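target-v5.pdb follows (PDB, C-alpha atoms, pLDDT in the B column):
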MODEL        1
ATOM      1  CA  MET R   1       0.000   0.000   0.000  1.00 46.00           C
ATOM      2  CA  GLY R   2       1.521   3.311  -1.112  1.00 51.00           C
ATOM      3  CA  TYR R   3       1.775   6.632   0.616  1.00 51.00           C
ATOM      4  CA  ASP R   4      -1.162   8.936  -0.152  1.00 60.00           C
ATOM      5  CA  GLU R   5       0.105  12.525  -0.105  1.00 64.00           C
ATOM      6  CA  SER R   6      -3.349  14.080  -0.521  1.00 71.00           C
ATOM      7  CA  LYS R   7      -4.781  12.263   2.528  1.00 69.00           C
ATOM      8  CA  ASN R   8      -1.784  13.258   4.602  1.00 66.00           C
ATOM      9  CA  ARG R   9      -2.104  16.904   3.475  1.00 72.00           C
ATOM     10  CA  GLU R  10      -5.842  16.894   4.238  1.00 77.00           C
ATOM     11  CA  LYS R  11      -5.214  15.464   7.706  1.00 69.00           C
ATOM     12  CA  MET R  12      -2.529  18.090   8.409  1.00 67.00           C
ATOM     13  CA  GLU R  13      -4.833  20.897   7.244  1.00 74.00           C
ATOM     14  CA  LYS R  14      -7.603  19.703   9.604  1.00 73.00           C
ATOM     15  CA  GLU R  15      -5.165  19.473  12.503  1.00 66.00           C
ATOM     16  CA  GLN R  16      -3.832  22.946  11.659  1.00 68.00           C
ATOM     17  CA  ALA R  17      -7.368  24.398  11.631  1.00 69.00           C
ATOM     18  CA  VAL R  18      -8.069  22.926  15.088  1.00 65.00           C
ATOM     19  CA  LEU R  19      -4.808  24.342  16.464  1.00 61.00           C
ATOM     20  CA  GLU R  20      -5.466  27.758  14.928  1.00 65.00           C
ATOM     21  CA  ARG R  21      -8.935  27.868  16.525  1.00 62.00           C
ATOM     22  CA  ARG R  22      -7.422  26.887  19.883  1.00 57.00           C
ATOM     23  CA  ASN R  23      -4.702  29.547  19.546  1.00 55.00           C
ATOM     24  CA  SER R  24      -7.183  32.267  18.582  1.00 56.00           C
ATOM     25  CA  LYS R  25      -9.341  31.461  21.630  1.00 50.00           C
ATOM     26  CA  ALA R  26      -6.296  31.647  23.882  1.00 47.00           C
ATOM     27  CA  GLY R  27      -5.371  34.975  22.341  1.00 51.00           C
ATOM     28  CA  CYS R  28      -1.893  33.886  21.366  1.00 59.00           C
ATOM     29  CA  GLY R  29      -0.019  31.385  19.314  1.00 73.00           C
ATOM     30  CA  ILE R  30       2.949  29.224  20.146  1.00 78.00           C
ATOM     31  CA  LYS R  31       6.333  30.239  18.763  1.00 81.00           C
ATOM     32  CA  ASP R  32       9.569  28.253  18.865  1.00 75.00           C
ATOM     33  CA  LEU R  33      12.335  30.823  18.944  1.00 77.00           C
ATOM     34  CA  HIS R  34      15.340  28.493  18.908  1.00 80.00           C
ATOM     35  CA  CYS R  35      15.138  25.513  16.567  1.00 78.00           C
ATOM     36  CA  HIS R  36      18.403  24.420  14.923  1.00 80.00           C
ATOM     37  CA  ILE R  37      18.248  23.038  11.418  1.00 80.00           C
ATOM     38  CA  MET R  38      21.424  21.079  12.200  1.00 76.00           C
ATOM     39  CA  GLU R  39      24.071  21.144  14.863  1.00 67.00           C
ATOM     40  CA  PRO R  40      27.386  22.731  13.945  1.00 62.00           C
ATOM     41  CA  TYR R  41      29.809  20.044  12.855  1.00 64.00           C
ATOM     42  CA  ALA R  42      32.779  21.906  14.305  1.00 59.00           C
ATOM     43  CA  LEU R  43      31.312  21.945  17.842  1.00 59.00           C
ATOM     44  CA  CYS R  44      29.576  18.567  17.846  1.00 60.00           C
ATOM     45  CA  PRO R  45      31.660  15.904  19.639  1.00 60.00           C
ATOM     46  CA  ILE R  46      29.694  13.112  17.949  1.00 58.00           C
ATOM     47  CA  ARG R  47      30.440  12.866  14.235  1.00 58.00           C
ATOM     48  CA  ASP R  48      27.548  10.565  13.264  1.00 60.00           C
ATOM     49  CA  PHE R  49      24.727  13.106  13.072  1.00 60.00           C
ATOM     50  CA  ARG R  50      22.696  13.562   9.910  1.00 62.00           C
ATOM     51  CA  GLN R  51      24.562  15.429   7.210  1.00 68.00           C
ATOM     52  CA  PRO R  52      23.084  18.758   6.088  1.00 72.00           C
ATOM     53  CA  CYS R  53      20.481  18.377   3.376  1.00 78.00           C
ATOM     54  CA  ALA R  54      17.249  19.929   2.086  1.00 82.00           C
ATOM     55  CA  GLN R  55      15.223  17.307   3.989  1.00 84.00           C
ATOM     56  CA  ASN R  56      16.283  19.041   7.234  1.00 83.00           C
ATOM     57  CA  ALA R  57      14.416  22.174   6.121  1.00 85.00           C
ATOM     58  CA  ASP R  58      11.453  20.164   4.844  1.00 86.00           C
ATOM     59  CA  GLN R  59      11.245  18.356   8.180  1.00 86.00           C
ATOM     60  CA  ILE R  60      11.280  21.631  10.132  1.00 84.00           C
ATOM     61  CA  THR R  61       8.389  22.988   8.076  1.00 86.00           C
ATOM     62  CA  ARG R  62       6.431  19.770   8.719  1.00 86.00           C
ATOM     63  CA  ILE R  63       7.123  20.026  12.458  1.00 84.00           C
ATOM     64  CA  LEU R  64       5.975  23.657  12.470  1.00 84.00           C
ATOM     65  CA  GLN R  65       2.744  22.786  10.702  1.00 83.00           C
ATOM     66  CA  THR R  66       2.036  19.534  12.553  1.00 84.00           C
ATOM     67  CA  CYS R  67       2.618  21.054  15.993  1.00 82.00           C
ATOM     68  CA  GLY R  68       0.543  24.111  15.209  1.00 81.00           C
ATOM     69  CA  LEU R  69       3.329  26.572  15.811  1.00 84.00           C
ATOM     70  CA  GLU R  70       2.550  30.121  14.776  1.00 87.00           C
ATOM     71  CA  ALA R  71       6.179  30.850  13.971  1.00 90.00           C
ATOM     72  CA  LEU R  72       9.625  29.354  14.249  1.00 88.00           C
ATOM     73  CA  CYS R  73      13.091  30.919  14.383  1.00 90.00           C
ATOM     74  CA  ILE R  74      16.103  29.027  13.038  1.00 90.00           C
ATOM     75  CA  PRO R  75      19.399  30.281  14.457  1.00 90.00           C
ATOM     76  CA  ALA R  76      22.216  29.103  12.190  1.00 87.00           C
ATOM     77  CA  ILE R  77      25.752  28.542  13.349  1.00 81.00           C
ATOM     78  CA  THR R  78      28.420  28.666  10.656  1.00 81.00           C
ATOM     79  CA  LEU R  79      31.940  28.077  11.825  1.00 77.00           C
ATOM     80  CA  TYR R  80      34.984  26.805   9.943  1.00 71.00           C
ATOM     81  CA  GLU R  81      34.376  23.200   8.838  1.00 70.00           C
ATOM     82  CA  GLU R  82      32.730  22.647   5.464  1.00 68.00           C
ATOM     83  CA  PRO R  83      29.540  20.896   6.714  1.00 66.00           C
ATOM     84  CA  ASP R  84      28.834  23.935   8.919  1.00 74.00           C
ATOM     85  CA  PHE R  85      28.566  26.173   5.863  1.00 77.00           C
ATOM     86  CA  ALA R  86      25.249  24.529   5.004  1.00 83.00           C
ATOM     87  CA  CYS R  87      23.581  25.909   8.160  1.00 86.00           C
ATOM     88  CA  ASN R  88      23.003  29.359   6.688  1.00 90.00           C
ATOM     89  CA  ALA R  89      21.816  28.033   3.343  1.00 90.00           C
ATOM     90  CA  LEU R  90      19.417  25.530   4.934  1.00 90.00           C
ATOM     91  CA  SER R  91      18.028  28.157   7.309  1.00 91.00           C
ATOM     92  CA  LEU R  92      17.337  30.534   4.450  1.00 93.00           C
ATOM     93  CA  TYR R  93      15.831  27.703   2.378  1.00 92.00           C
ATOM     94  CA  ALA R  94      13.429  26.868   5.224  1.00 91.00           C
ATOM     95  CA  LYS R  95      12.456  30.543   5.464  1.00 93.00           C
ATOM     96  CA  LEU R  96      11.722  30.566   1.733  1.00 93.00           C
ATOM     97  CA  LEU R  97       9.399  27.570   2.193  1.00 91.00           C
ATOM     98  CA  LEU R  98       7.258  29.415   4.783  1.00 90.00           C
ATOM     99  CA  PRO R  99       8.373  33.065   4.729  1.00 92.00           C
ATOM    100  CA  GLU R 100       5.468  34.342   6.818  1.00 91.00           C
ATOM    101  CA  ARG R 101       6.170  31.876   9.658  1.00 91.00           C
ATOM    102  CA  ILE R 102       9.899  31.102   9.626  1.00 92.00           C
ATOM    103  CA  TYR R 103      12.615  33.523  10.679  1.00 94.00           C
ATOM    104  CA  ALA R 104      16.254  32.799   9.885  1.00 95.00           C
ATOM    105  CA  LEU R 105      19.158  34.084  11.948  1.00 94.00           C
ATOM    106  CA  ALA R 106      22.498  33.821  10.141  1.00 94.00           C
ATOM    107  CA  GLY R 107      25.738  32.604  11.608  1.00 91.00           C
ATOM    108  CA  LEU R 108      28.917  34.538  10.875  1.00 91.00           C
ATOM    109  CA  ARG R 109      31.718  32.341   9.596  1.00 88.00           C
ATOM    110  CA  ARG R 110      34.615  32.200  12.005  1.00 86.00           C
ATOM    111  CA  TYR R 111      38.193  31.229  11.321  1.00 85.00           C
ATOM    112  CA  LEU R 112      40.613  29.446  13.639  1.00 84.00           C
ATOM    113  CA  ASN R 113      43.324  32.046  13.030  1.00 84.00           C
ATOM    114  CA  ARG R 114      42.150  35.060  15.043  1.00 83.00           C
ATOM    115  CA  GLU R 115      43.449  37.623  12.553  1.00 83.00           C
ATOM    116  CA  ASP R 116      41.448  36.045   9.711  1.00 86.00           C
ATOM    117  CA  ASN R 117      38.219  37.128  11.430  1.00 85.00           C
ATOM    118  CA  ARG R 118      38.300  40.712  10.107  1.00 86.00           C
ATOM    119  CA  ASP R 119      35.427  40.353   7.622  1.00 91.00           C
ATOM    120  CA  MET R 120      32.509  40.081  10.079  1.00 92.00           C
ATOM    121  CA  LEU R 121      30.812  43.275   8.923  1.00 96.00           C
ATOM    122  CA  GLU R 122      31.077  42.398   5.224  1.00 96.00           C
ATOM    123  CA  GLN R 123      29.694  38.920   5.923  1.00 94.00           C
ATOM    124  CA  ALA R 124      26.823  40.438   7.888  1.00 96.00           C
ATOM    125  CA  LYS R 125      25.866  42.879   5.128  1.00 98.00           C
ATOM    126  CA  LYS R 126      25.826  40.093   2.522  1.00 97.00           C
ATOM    127  CA  LEU R 127      23.758  37.819   4.768  1.00 96.00           C
ATOM    128  CA  MET R 128      21.175  40.517   5.469  1.00 97.00           C
ATOM    129  CA  ALA R 129      20.972  41.317   1.747  1.00 97.00           C
ATOM    130  CA  ALA R 130      20.331  37.602   1.104  1.00 96.00           C
ATOM    131  CA  GLY R 131      17.202  37.766   3.291  1.00 96.00           C
ATOM    132  CA  PHE R 132      18.193  36.846   6.835  1.00 96.00           C
ATOM    133  CA  ASP R 133      16.312  38.394   9.753  1.00 96.00           C
ATOM    134  CA  GLY R 134      19.280  38.788  12.111  1.00 96.00           C
ATOM    135  CA  PHE R 135      22.162  36.810  13.616  1.00 95.00           C
ATOM    136  CA  LYS R 136      23.001  34.037  16.068  1.00 92.00           C
ATOM    137  CA  MET R 137      26.250  34.592  17.950  1.00 90.00           C
ATOM    138  CA  ILE R 138      27.729  31.462  19.436  1.00 81.00           C
ATOM    139  CA  CYS R 139      29.807  32.395  22.452  1.00 76.00           C
ATOM    140  CA  LYS R 140      29.695  29.246  24.532  1.00 75.00           C
ATOM    141  CA  PRO R 141      32.944  28.218  26.203  1.00 75.00           C
ATOM    142  CA  ASN R 142      33.955  25.505  23.721  1.00 73.00           C
ATOM    143  CA  ALA R 143      33.617  27.992  20.833  1.00 75.00           C
ATOM    144  CA  ARG R 144      35.494  30.641  22.799  1.00 76.00           C
ATOM    145  CA  ARG R 145      38.282  28.139  23.502  1.00 75.00           C
ATOM    146  CA  LYS R 146      38.480  26.964  19.885  1.00 79.00           C
ATOM    147  CA  PHE R 147      38.435  30.407  18.234  1.00 80.00           C
ATOM    148  CA  LYS R 148      40.150  32.374  20.993  1.00 80.00           C
ATOM    149  CA  LEU R 149      37.466  35.044  20.611  1.00 82.00           C
ATOM    150  CA  SER R 150      34.964  36.298  23.145  1.00 82.00           C
ATOM    151  CA  ILE R 151      31.764  38.000  22.025  1.00 85.00           C
ATOM    152  CA  ASP R 152      33.153  41.345  23.189  1.00 87.00           C
ATOM    153  CA  ASP R 153      36.362  41.035  21.162  1.00 89.00           C
ATOM    154  CA  GLU R 154      37.187  44.180  19.191  1.00 92.00           C
ATOM    155  CA  ILE R 155      37.029  42.150  15.974  1.00 91.00           C
ATOM    156  CA  PHE R 156      33.235  42.245  16.284  1.00 93.00           C
ATOM    157  CA  ASP R 157      32.991  46.018  16.953  1.00 95.00           C
ATOM    158  CA  PRO R 158      32.253  47.098  13.344  1.00 96.00           C
ATOM    159  CA  PHE R 159      29.600  44.372  13.101  1.00 96.00           C
ATOM    160  CA  TYR R 160      27.959  45.411  16.390  1.00 96.00           C
ATOM    161  CA  GLU R 161      27.998  49.087  15.415  1.00 97.00           C
ATOM    162  CA  GLU R 162      26.236  48.325  12.125  1.00 98.00           C
ATOM    163  CA  ALA R 163      23.783  45.969  13.838  1.00 97.00           C
ATOM    164  CA  GLU R 164      22.875  48.722  16.301  1.00 97.00           C
ATOM    165  CA  LYS R 165      22.520  51.305  13.535  1.00 98.00           C
ATOM    166  CA  GLU R 166      20.413  49.019  11.307  1.00 97.00           C
ATOM    167  CA  GLN R 167      18.522  47.418  14.229  1.00 97.00           C
ATOM    168  CA  TRP R 168      19.557  43.872  13.266  1.00 97.00           C
ATOM    169  CA  PRO R 169      18.379  41.366  15.896  1.00 95.00           C
ATOM    170  CA  ILE R 170      21.159  39.320  17.515  1.00 94.00           C
ATOM    171  CA  LEU R 171      20.618  36.151  19.541  1.00 90.00           C
ATOM    172  CA  PHE R 172      23.505  35.398  21.914  1.00 87.00           C
ATOM    173  CA  HIS R 173      24.008  31.830  23.098  1.00 79.00           C
ATOM    174  CA  VAL R 174      24.757  32.175  26.804  1.00 74.00           C
ATOM    175  CA  GLY R 175      22.504  29.513  28.347  1.00 72.00           C
ATOM    176  CA  ASP R 176      25.102  26.931  29.331  1.00 74.00           C
ATOM    177  CA  PRO R 177      25.436  25.644  32.912  1.00 77.00           C
ATOM    178  CA  ALA R 178      27.228  27.954  35.346  1.00 77.00           C
ATOM    179  CA  SER R 179      30.184  25.551  35.546  1.00 77.00           C
ATOM    180  CA  PHE R 180      30.887  26.176  31.844  1.00 73.00           C
ATOM    181  CA  TRP R 181      31.717  29.795  32.635  1.00 71.00           C
ATOM    182  CA  ASP R 182      34.181  29.037  35.453  1.00 76.00           C
ATOM    183  CA  ARG R 183      37.740  28.201  34.290  1.00 73.00           C
ATOM    184  CA  GLU R 184      38.232  25.938  37.318  1.00 82.00           C
ATOM    185  CA  LYS R 185      35.001  23.955  36.865  1.00 80.00           C
ATOM    186  CA  VAL R 186      34.496  23.763  33.094  1.00 74.00           C
ATOM    187  CA  PRO R 187      34.614  20.165  31.800  1.00 74.00           C
ATOM    188  CA  GLY R 188      37.252  19.197  29.205  1.00 67.00           C
TER     189      GLY R 188
ENDMDL
END
Turn the structure described in the file into structure tokens.
Amino acid sequence: MGYDESKNREKMEKEQAVLERRNSKAGCGIKDLHCHIMEPYALCPIRDFRQPCAQNADQITRILQTCGLEALCIPAITLYEEPDFACNALSLYAKLLLPERIYALAGLRRYLNREDNRDMLEQAKKLMAAGFDGFKMICKPNARRKFKLSIDDEIFDPFYEEAEKEQWPILFHVGDPASFWDREKVPG
């Protein structure tokens, strides 16, 4: 017995209508403001996660619709290993699939050599011109250790000045356990 796309679509539309009625009665909808399209390869200690592909974006749009979310924000993280470069492209692709309900925050590419990180502002301008809604800044301790950059490093100053001037939203990742921020307690 084959898969019937029209029945599945009809079922999803009915479920969506029920959720929309429930949300309108409650006076608000549910938004997921931090849903990764893939984990950054460069920071992931386990190397057997799903490789970046268009199905990641398709799956996120299905989750959004099936769960009755009003909106979803995809914060991309783009670092220095090739698989990471797909994060921005997949986030923007997902936004193009449902532009009225998906927001995409771009990740600035970072380089391991500190001095190579001088193009943050130019990257940011190109990413905003491509259609991103803002930026995700990864500043967790393992990224700080790897790149030898803190989020208040002067390298980012031109980017922050432009973001303030243009009112670009920035999401900072700072929600790690307290031990991660203490040099004496941080795990290896």
Evaluate the PyMOL selection byres ((chain R and resi 142-159) around 10) on the structure here and hand back the selected residues as a compact mmCIF listing (two decimals) with C-alpha atoms, in the coordinates of the input.
# COMPACT_ATOMS: atom_id res chain seq x y z
CA ALA R 42 32.78 21.91 14.30
CA LEU R 43 31.31 21.94 17.84
CA LEU R 79 31.94 28.08 11.82
CA TYR R 80 34.98 26.80 9.94
CA ARG R 110 34.62 32.20 12.00
CA TYR R 111 38.19 31.23 11.32
CA LEU R 112 40.61 29.45 13.64
CA ASN R 113 43.32 32.05 13.03
CA ARG R 114 42.15 35.06 15.04
CA GLU R 115 43.45 37.62 12.55
CA ASP R 116 41.45 36.04 9.71
CA ASN R 117 38.22 37.13 11.43
CA ARG R 118 38.30 40.71 10.11
CA ASP R 119 35.43 40.35 7.62
CA MET R 120 32.51 40.08 10.08
CA LEU R 121 30.81 43.28 8.92
CA GLU R 122 31.08 42.40 5.22
CA GLN R 123 29.69 38.92 5.92
CA ALA R 124 26.82 40.44 7.89
CA LYS R 125 25.87 42.88 5.13
CA MET R 137 26.25 34.59 17.95
CA ILE R 138 27.73 31.46 19.44
CA CYS R 139 29.81 32.40 22.45
CA LYS R 140 29.70 29.25 24.53
CA PRO R 141 32.94 28.22 26.20
CA TYR R 160 27.96 45.41 16.39
CA GLU R 161 28.00 49.09 15.42
CA GLU R 162 26.24 48.32 12.12
CA ALA R 163 23.78 45.97 13.84
CA GLU R 164 22.88 48.72 16.30
CA LYS R 165 22.52 51.30 13.54
CA PHE R 172 23.50 35.40 21.91
CA HIS R 173 24.01 31.83 23.10
CA PHE R 180 30.89 26.18 31.84
CA VAL R 186 34.50 23.76 33.09
CA PRO R 187 34.61 20.16 31.80
CA GLY R 188 37.25 19.20 29.20
| the PyMOL selection byres ((chain R and resi 89-95) around 9) resolved against shown file, as an MDAnalysis selection string | chainID R and resid 36:38 52:54 56:58 60:61 73:76 85:88 96:106 130:132
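Checking R:Asp84, R:Gln55, R:Gly175, R:Arg62 one by one against His34 (chain R), counting only C-alpha atoms, you find the shortest gap at R:Gly175.
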| Interatomic distance, CA of Asp32 (chain R) to CA of Met128 (chain R) (Å, one decimal) | 21.6 Å
